[in-house]
$ cat target-v8.cif   # mmCIF, C-alpha atoms
data_query
loop_
_atom_site.label_atom_id
_atom_site.label_comp_id
_atom_site.auth_asym_id
_atom_site.auth_seq_id
_atom_site.Cartn_x
_atom_site.Cartn_y
_atom_site.Cartn_z
CA MET A 12 6.22 -21.44 -7.85
CA LYS A 13 9.77 -21.64 -9.13
CA ILE A 14 10.93 -18.89 -11.47
CA THR A 15 13.09 -20.50 -14.15
CA LYS A 16 13.65 -17.49 -16.36
CA VAL A 17 13.63 -13.80 -15.47
CA TYR A 18 13.46 -12.32 -18.95
CA THR A 19 11.10 -13.40 -21.72
CA ARG A 20 11.64 -10.62 -24.29
CA GLY A 21 7.82 -10.44 -24.48
CA GLY A 22 7.76 -6.89 -23.17
CA ASP A 23 10.51 -5.47 -25.34
CA LYS A 24 7.98 -3.62 -27.50
CA GLY A 25 6.11 -2.01 -24.60
CA GLN A 26 3.47 -4.68 -24.07
CA THR A 27 2.90 -7.10 -21.20
CA SER A 28 0.44 -9.85 -20.31
CA LEU A 29 -2.35 -9.62 -17.77
CA VAL A 30 -3.61 -12.57 -15.76
CA GLY A 31 -5.37 -14.66 -18.42
CA GLY A 32 -2.89 -13.79 -21.17
CA GLN A 33 -4.40 -10.59 -22.61
CA ARG A 34 -1.65 -8.29 -23.96
CA VAL A 35 -1.78 -4.60 -23.04
CA SER A 36 0.47 -1.56 -23.20
CA LYS A 37 2.81 -1.07 -20.28
CA ALA A 38 1.35 2.46 -20.09
CA ASN A 39 -2.15 1.03 -19.45
CA VAL A 40 -4.01 2.44 -16.42
CA ARG A 41 -4.22 -1.12 -15.05
CA LEU A 42 -0.44 -1.42 -15.02
CA GLU A 43 -0.14 2.00 -13.39
CA ALA A 44 -2.41 0.73 -10.61
CA TYR A 45 -0.70 -2.55 -9.84
CA GLY A 46 2.76 -1.14 -10.56
CA THR A 47 2.19 1.51 -7.92
CA VAL A 48 1.02 -1.17 -5.47
CA ASP A 49 4.24 -3.07 -6.26
CA GLU A 50 6.22 0.11 -5.58
CA LEU A 51 4.42 0.44 -2.25
CA SER A 52 5.37 -3.12 -1.37
CA ALA A 53 9.03 -2.35 -2.10
CA HIS A 54 8.88 0.71 0.19
CA LEU A 55 7.23 -1.45 2.85
CA GLY A 56 10.14 -3.89 2.48
CA LEU A 57 12.52 -1.07 3.33
CA LEU A 58 10.37 -0.13 6.31
CA ALA A 59 10.39 -3.75 7.50
CA ALA A 60 14.19 -3.81 7.16
CA LEU A 61 14.40 -0.74 9.42
CA LEU A 62 12.11 -2.17 12.11
CA PRO A 63 13.21 -4.47 14.93
CA ALA A 64 11.61 -7.89 15.19
CA GLY A 65 8.13 -7.66 16.65
CA HIS A 66 4.50 -6.86 15.98
CA GLU A 67 5.02 -3.89 13.64
CA LYS A 68 7.51 -5.76 11.44
CA ASP A 69 5.22 -8.81 11.34
CA MET A 70 2.31 -6.59 10.38
CA ILE A 71 4.28 -5.01 7.52
CA VAL A 72 5.18 -8.45 6.12
CA ARG A 73 1.52 -9.48 6.40
CA ILE A 74 0.53 -6.34 4.47
CA GLN A 75 3.12 -7.11 1.76
CA ASN A 76 1.56 -10.55 1.34
CA ASN A 77 -1.90 -8.97 1.05
CA LEU A 78 -0.58 -6.56 -1.56
CA PHE A 79 0.30 -9.55 -3.76
CA ASN A 80 -3.39 -10.46 -3.65
CA VAL A 81 -4.25 -6.84 -4.54
CA CYS A 82 -1.83 -6.90 -7.49
CA THR A 83 -3.29 -10.18 -8.76
CA ASN A 84 -6.76 -8.63 -8.55
CA LEU A 85 -5.68 -5.51 -10.41
CA ALA A 86 -3.78 -7.53 -13.04
CA THR A 87 -6.98 -9.39 -13.91
CA ASP A 88 -9.45 -7.93 -16.40
CA GLN A 89 -12.55 -9.18 -14.61
CA ASP A 90 -14.67 -8.48 -17.68
CA THR A 91 -12.83 -11.22 -19.60
CA THR A 92 -11.07 -13.39 -16.99
CA PRO A 93 -12.43 -14.85 -13.74
CA LEU A 94 -10.47 -13.93 -10.61
CA TYR A 95 -8.11 -16.52 -9.19
CA PRO A 96 -8.80 -17.33 -5.53
CA SER A 97 -5.44 -15.67 -4.78
CA ALA A 98 -6.81 -12.37 -6.08
CA HIS A 99 -9.09 -12.06 -3.05
CA LEU A 100 -7.91 -10.65 0.24
CA PRO A 101 -8.14 -13.09 3.14
CA ALA A 102 -11.27 -12.50 5.21
CA GLY A 103 -10.91 -9.93 7.96
CA GLU A 104 -7.87 -8.04 6.66
CA ILE A 105 -9.68 -4.69 6.32
CA GLU A 106 -11.09 -5.08 9.83
CA LEU A 107 -7.63 -5.99 11.13
CA LEU A 108 -6.23 -2.72 9.77
CA GLU A 109 -9.09 -0.84 11.44
CA CYS A 110 -8.35 -2.57 14.77
CA GLU A 111 -4.66 -1.73 14.43
CA VAL A 112 -5.45 1.94 13.71
CA ASP A 113 -7.79 2.12 16.71
CA ALA A 114 -5.27 0.43 19.01
CA ILE A 115 -2.45 2.77 17.96
CA MET A 116 -4.66 5.85 18.32
CA ASN A 117 -5.47 4.77 21.88
CA GLU A 118 -1.73 4.70 22.68
CA LEU A 119 -0.95 8.14 21.29
CA PRO A 120 -1.51 11.60 22.73
CA GLU A 121 -4.19 13.66 21.03
CA ALA A 122 -3.11 15.06 17.67
CA GLN A 123 -2.32 18.76 17.52
CA GLY A 124 -2.55 20.21 14.01
CA PHE A 125 -1.12 18.94 10.75
CA ILE A 126 2.16 17.12 11.12
CA LEU A 127 5.15 17.27 8.81
CA SER A 128 6.45 13.93 7.60
CA GLY A 129 9.69 12.95 9.28
CA GLY A 130 11.09 12.03 12.64
CA THR A 131 12.99 8.78 12.95
CA HIS A 132 14.19 6.90 9.87
CA GLU A 133 11.46 4.34 10.47
CA ALA A 134 8.70 6.93 10.86
CA ALA A 135 9.90 8.88 7.83
CA GLN A 136 9.83 5.68 5.77
CA ALA A 137 6.31 4.93 7.03
CA HIS A 138 5.30 8.37 5.75
CA VAL A 139 6.86 7.59 2.35
CA CYS A 140 4.85 4.37 2.33
CA ARG A 141 1.70 6.33 3.22
CA THR A 142 2.15 8.74 0.32
CA VAL A 143 2.86 5.96 -2.17
CA CYS A 144 -0.20 4.17 -0.80
CA ARG A 145 -2.34 7.24 -1.47
CA ARG A 146 -0.99 7.39 -5.03
CA ALA A 147 -1.81 3.70 -5.46
CA GLU A 148 -5.33 4.44 -4.25
CA ARG A 149 -5.69 7.21 -6.85
CA ARG A 150 -4.48 4.84 -9.58
CA ILE A 151 -6.95 2.17 -8.41
CA VAL A 152 -9.81 4.68 -8.46
CA ALA A 153 -8.82 5.70 -12.01
CA LEU A 154 -8.83 2.04 -13.05
CA SER A 155 -12.21 1.48 -11.38
CA GLU A 156 -13.66 4.26 -13.56
CA ALA A 157 -12.68 2.30 -16.67
CA ALA A 158 -12.90 -1.34 -15.56
CA THR A 159 -14.21 -3.64 -12.85
CA VAL A 160 -12.19 -3.55 -9.63
CA SER A 161 -13.20 -5.50 -6.54
CA PRO A 162 -14.46 -3.03 -3.90
CA GLU A 163 -12.39 -4.72 -1.19
CA VAL A 164 -9.20 -3.67 -3.00
CA GLN A 165 -10.03 0.01 -2.83
CA GLN A 166 -11.18 -0.31 0.80
CA TYR A 167 -8.02 -2.14 1.83
CA VAL A 168 -5.67 0.39 0.25
CA ASN A 169 -7.64 3.26 1.79
CA ARG A 170 -7.39 1.71 5.28
CA LEU A 171 -3.75 0.90 4.70
CA SER A 172 -2.85 4.56 4.23
CA ASP A 173 -4.58 5.35 7.53
CA TYR A 174 -2.61 2.56 9.22
CA LEU A 175 0.68 3.84 7.81
CA PHE A 176 -0.10 7.37 9.06
CA VAL A 177 -0.71 6.24 12.63
CA LEU A 178 2.20 3.80 12.48
CA ALA A 179 4.54 6.69 11.63
CA LYS A 180 3.15 8.61 14.61
CA LYS A 181 3.62 5.57 16.86
CA LEU A 182 7.20 4.99 15.73
CA ASN A 183 8.07 8.60 16.55
CA PHE A 184 6.25 8.38 19.88
CA ILE A 185 8.07 5.18 20.90
CA ALA A 186 11.42 6.79 20.02
CA GLY A 187 10.57 9.94 21.99
CA GLU A 188 10.77 11.96 18.79
CA SER A 189 8.54 15.02 18.82
CA GLU A 190 6.55 15.55 15.67
CA LYS A 191 6.86 18.84 13.90
CA THR A 192 3.61 20.56 13.05
CA TRP A 193 2.84 22.71 10.07
CA HIS A 194 3.13 26.44 10.79
CA ASN A 195 1.26 28.37 8.15
CA ALA A 196 3.18 31.58 7.51
CA CYS A 197 -0.06 33.22 6.33
CA ARG A 198 -1.79 32.83 9.71
#
$ encode --input "target-v8.cif" --output "structure tokens"
Amino acid sequence: MKITKVYTRGGDKGQTSLVGGQRVSKANVRLEAYGTVDELSAHLGLLAALLPAGHEKDMIVRIQNNLFNVCTNLATDQDTTPLYPSAHLPAGEIELLECEVDAIMNELPEAQGFILSGGTHEAAQAHVCRTVCRRAERRIVALSEAATVSPEVQQYVNRLSDYLFVLAKKLNFIAGESEKTWHNACR
């Protein structure tokens, strides 16, 4: 799809179009949901830029592609507009995230307490992605309370935050960076 014009002036008064053409406020809960997923994708792009070529970088790009499907799903009012085929996640993507989480957990030493976000630049960025992913999940849940949302979308984003958590741990582990654990001053 070639983009021929970036601006349309259609949103100058605070409205935008959903898939199917319905006009809604840019403050709509639906836009909050898919806008936060878009923000997550941008943070994932930064993470990919920080990573060397290899499996993790390829996985991040795959996730970004899946997030376009998620955004298309969220940008569709399923009560008035049928979902495009591109609004569905490819089969097996949730299970792939689960396999990735399990594989990474098998590589890592046993967790000891709550960890503080940080470590290497790459791991710290993975933690930023994780927190934005959790916010996206909250926005999707809020939308699902008011409108139809495909269950696979919520499942995928939930698994994705788990993947990003263990990926951050793995990136620190590979770099030999010790994680810092939370020390509760009240203990």
$ residues_near_point --input "target-v8.cif" --point "(-13.6, 0.2, -16.8)" --cutoff "10 Å" --atoms "only C-alpha atoms" --output "number ranges by chain"
A: 40-41, 88-90, 153-160
$ resolve_selection --input "target-v8.cif" --expression "the PyMOL selection byres ((chain A and resi 187-193) around 6)" --output "list in words"
Phe125, Ile126, Leu127, Asn183, Phe184, Ile185, Ala186 and His194 of chain A
$ residues_around --input "target-v8.cif" --residues "stretch 166-171 of chain A" --least-positions-apart "2" --cutoff "12 Å" --atoms "all atoms listed in the file" --output "ChimeraX atom specification"
/A:44-45,47-48,51-52,55,70-71,73-75,77-78,80-82,99-113,137-138,140-152,160-164,173-178
$ atom_distance --input "target-v8.cif" --atom1 "atom CA of A:Gly31" --atom2 "atom CA of A:Asn76"
21.3 Å
$ closest_residue --input "target-v8.cif" --among "A:Ala114, A:Ala179, A:Thr83, A:Thr19" --to "A:Asp49" --atoms "all atoms listed in the file"
A:Thr83
$ atom_distance --input "target-v8.cif" --atom1 "atom CA of A:Leu119" --atom2 "atom CA of A:Lys181"
6.9 Å
$ atom_distance --input "target-v8.cif" --atom1 "atom CA of A:Leu61" --atom2 "atom CA of A:Ile115"
19.2 Å
$ axis_aligned_box --input "target-v8.cif" --around "stretch 143-156 of chain A" --padding-each-side "5 Å" --output "JSON"
{"center_x": -5.4, "center_y": 4.4, "center_z": -7.2, "size_x": 26.5, "size_y": 15.9, "size_z": 22.8}
$ closest_residue --input "target-v8.cif" --among "A:Leu42, A:Val72, A:Val139, A:Val30" --to "A:Ser97" --atoms "only C-alpha atoms"
A:Val30
$ resolve_selection --input "target-v8.cif" --expression "the PyMOL selection byres ((chain A and resi 24) around 12)" --output "list in words"
Thr19, Arg20, Gly21, Gly22, Asp23, Gly25, Gln26, Thr27, Arg34, Val35, Ser36, Lys37 and Ala38 of chain A
$ closest_residue --input "target-v8.cif" --among "A:His54, A:Lys16, A:His66, A:Lys180" --to "A:Asn117" --atoms "all atoms listed in the file"
A:Lys180
$ closest_residue --input "target-v8.cif" --among "A:Ser172, A:Pro96, A:Gly130, A:Leu85" --to "A:Leu29" --atoms "only C-alpha atoms"
A:Leu85
$ build_atoms --input "target-v8.cif" --residues "stretch 70-90 of chain A" --atoms "N, CA and C atoms" --output "PDB file, in the frame of the given file"
ATOM      1  N   MET A  70       3.473  -7.182  11.032  1.00  0.00           N
ATOM      2  CA  MET A  70       2.310  -6.590  10.380  1.00  0.00           C
ATOM      3  C   MET A  70       2.679  -6.099   8.972  1.00  0.00           C
ATOM      4  N   ILE A  71       3.842  -5.499   8.836  1.00  0.00           N
ATOM      5  CA  ILE A  71       4.280  -5.010   7.520  1.00  0.00           C
ATOM      6  C   ILE A  71       4.437  -6.174   6.543  1.00  0.00           C
ATOM      7  N   VAL A  72       5.018  -7.277   6.993  1.00  0.00           N
ATOM      8  CA  VAL A  72       5.180  -8.450   6.120  1.00  0.00           C
ATOM      9  C   VAL A  72       3.813  -9.020   5.739  1.00  0.00           C
ATOM     10  N   ARG A  73       2.886  -9.024   6.688  1.00  0.00           N
ATOM     11  CA  ARG A  73       1.520  -9.480   6.400  1.00  0.00           C
ATOM     12  C   ARG A  73       0.890  -8.596   5.315  1.00  0.00           C
ATOM     13  N   ILE A  74       1.071  -7.289   5.446  1.00  0.00           N
ATOM     14  CA  ILE A  74       0.530  -6.340   4.470  1.00  0.00           C
ATOM     15  C   ILE A  74       1.156  -6.589   3.096  1.00  0.00           C
ATOM     16  N   GLN A  75       2.472  -6.825   3.053  1.00  0.00           N
ATOM     17  CA  GLN A  75       3.120  -7.110   1.760  1.00  0.00           C
ATOM     18  C   GLN A  75       2.490  -8.343   1.105  1.00  0.00           C
ATOM     19  N   ASN A  76       2.214  -9.357   1.886  1.00  0.00           N
ATOM     20  CA  ASN A  76       1.560 -10.550   1.340  1.00  0.00           C
ATOM     21  C   ASN A  76       0.178 -10.203   0.795  1.00  0.00           C
ATOM     22  N   ASN A  77      -0.572  -9.388   1.531  1.00  0.00           N
ATOM     23  CA  ASN A  77      -1.900  -8.970   1.050  1.00  0.00           C
ATOM     24  C   ASN A  77      -1.795  -8.162  -0.228  1.00  0.00           C
ATOM     25  N   LEU A  78      -0.742  -7.370  -0.354  1.00  0.00           N
ATOM     26  CA  LEU A  78      -0.580  -6.560  -1.560  1.00  0.00           C
ATOM     27  C   LEU A  78      -0.339  -7.418  -2.799  1.00  0.00           C
ATOM     28  N   PHE A  79       0.203  -8.625  -2.625  1.00  0.00           N
ATOM     29  CA  PHE A  79       0.300  -9.550  -3.760  1.00  0.00           C
ATOM     30  C   PHE A  79      -1.095  -9.940  -4.235  1.00  0.00           C
ATOM     31  N   ASN A  80      -2.006 -10.167  -3.284  1.00  0.00           N
ATOM     32  CA  ASN A  80      -3.390 -10.460  -3.650  1.00  0.00           C
ATOM     33  C   ASN A  80      -3.992  -9.273  -4.408  1.00  0.00           C
ATOM     34  N   VAL A  81      -3.739  -8.062  -3.895  1.00  0.00           N
ATOM     35  CA  VAL A  81      -4.250  -6.840  -4.540  1.00  0.00           C
ATOM     36  C   VAL A  81      -3.712  -6.747  -5.967  1.00  0.00           C
ATOM     37  N   CYS A  82      -2.418  -6.982  -6.145  1.00  0.00           N
ATOM     38  CA  CYS A  82      -1.830  -6.900  -7.490  1.00  0.00           C
ATOM     39  C   CYS A  82      -2.447  -7.943  -8.426  1.00  0.00           C
ATOM     40  N   THR A  83      -2.661  -9.146  -7.927  1.00  0.00           N
ATOM     41  CA  THR A  83      -3.290 -10.180  -8.760  1.00  0.00           C
ATOM     42  C   THR A  83      -4.688  -9.740  -9.176  1.00  0.00           C
ATOM     43  N   ASN A  84      -5.421  -9.145  -8.242  1.00  0.00           N
ATOM     44  CA  ASN A  84      -6.760  -8.630  -8.550  1.00  0.00           C
ATOM     45  C   ASN A  84      -6.685  -7.567  -9.626  1.00  0.00           C
ATOM     46  N   LEU A  85      -5.791  -6.617  -9.457  1.00  0.00           N
ATOM     47  CA  LEU A  85      -5.680  -5.510 -10.410  1.00  0.00           C
ATOM     48  C   LEU A  85      -5.141  -5.958 -11.760  1.00  0.00           C
ATOM     49  N   ALA A  86      -4.361  -7.027 -11.788  1.00  0.00           N
ATOM     50  CA  ALA A  86      -3.780  -7.530 -13.040  1.00  0.00           C
ATOM     51  C   ALA A  86      -4.755  -8.436 -13.795  1.00  0.00           C
ATOM     52  N   THR A  87      -5.967  -8.560 -13.278  1.00  0.00           N
ATOM     53  CA  THR A  87      -6.980  -9.390 -13.910  1.00  0.00           C
ATOM     54  C   THR A  87      -8.092  -8.510 -14.480  1.00  0.00           C
ATOM     55  N   ASP A  88      -8.312  -8.617 -15.778  1.00  0.00           N
ATOM     56  CA  ASP A  88      -9.450  -7.930 -16.400  1.00  0.00           C
ATOM     57  C   ASP A  88     -10.680  -8.783 -16.104  1.00  0.00           C
ATOM     58  N   GLN A  89     -11.418  -8.379 -15.078  1.00  0.00           N
ATOM     59  CA  GLN A  89     -12.550  -9.180 -14.610  1.00  0.00           C
ATOM     60  C   GLN A  89     -13.691  -9.253 -15.613  1.00  0.00           C
ATOM     61  N   ASP A  90     -13.651  -8.413 -16.639  1.00  0.00           N
ATOM     62  CA  ASP A  90     -14.670  -8.480 -17.680  1.00  0.00           C
ATOM     63  C   ASP A  90     -14.408  -9.621 -18.659  1.00  0.00           C
TER      64      ASP A  90
END
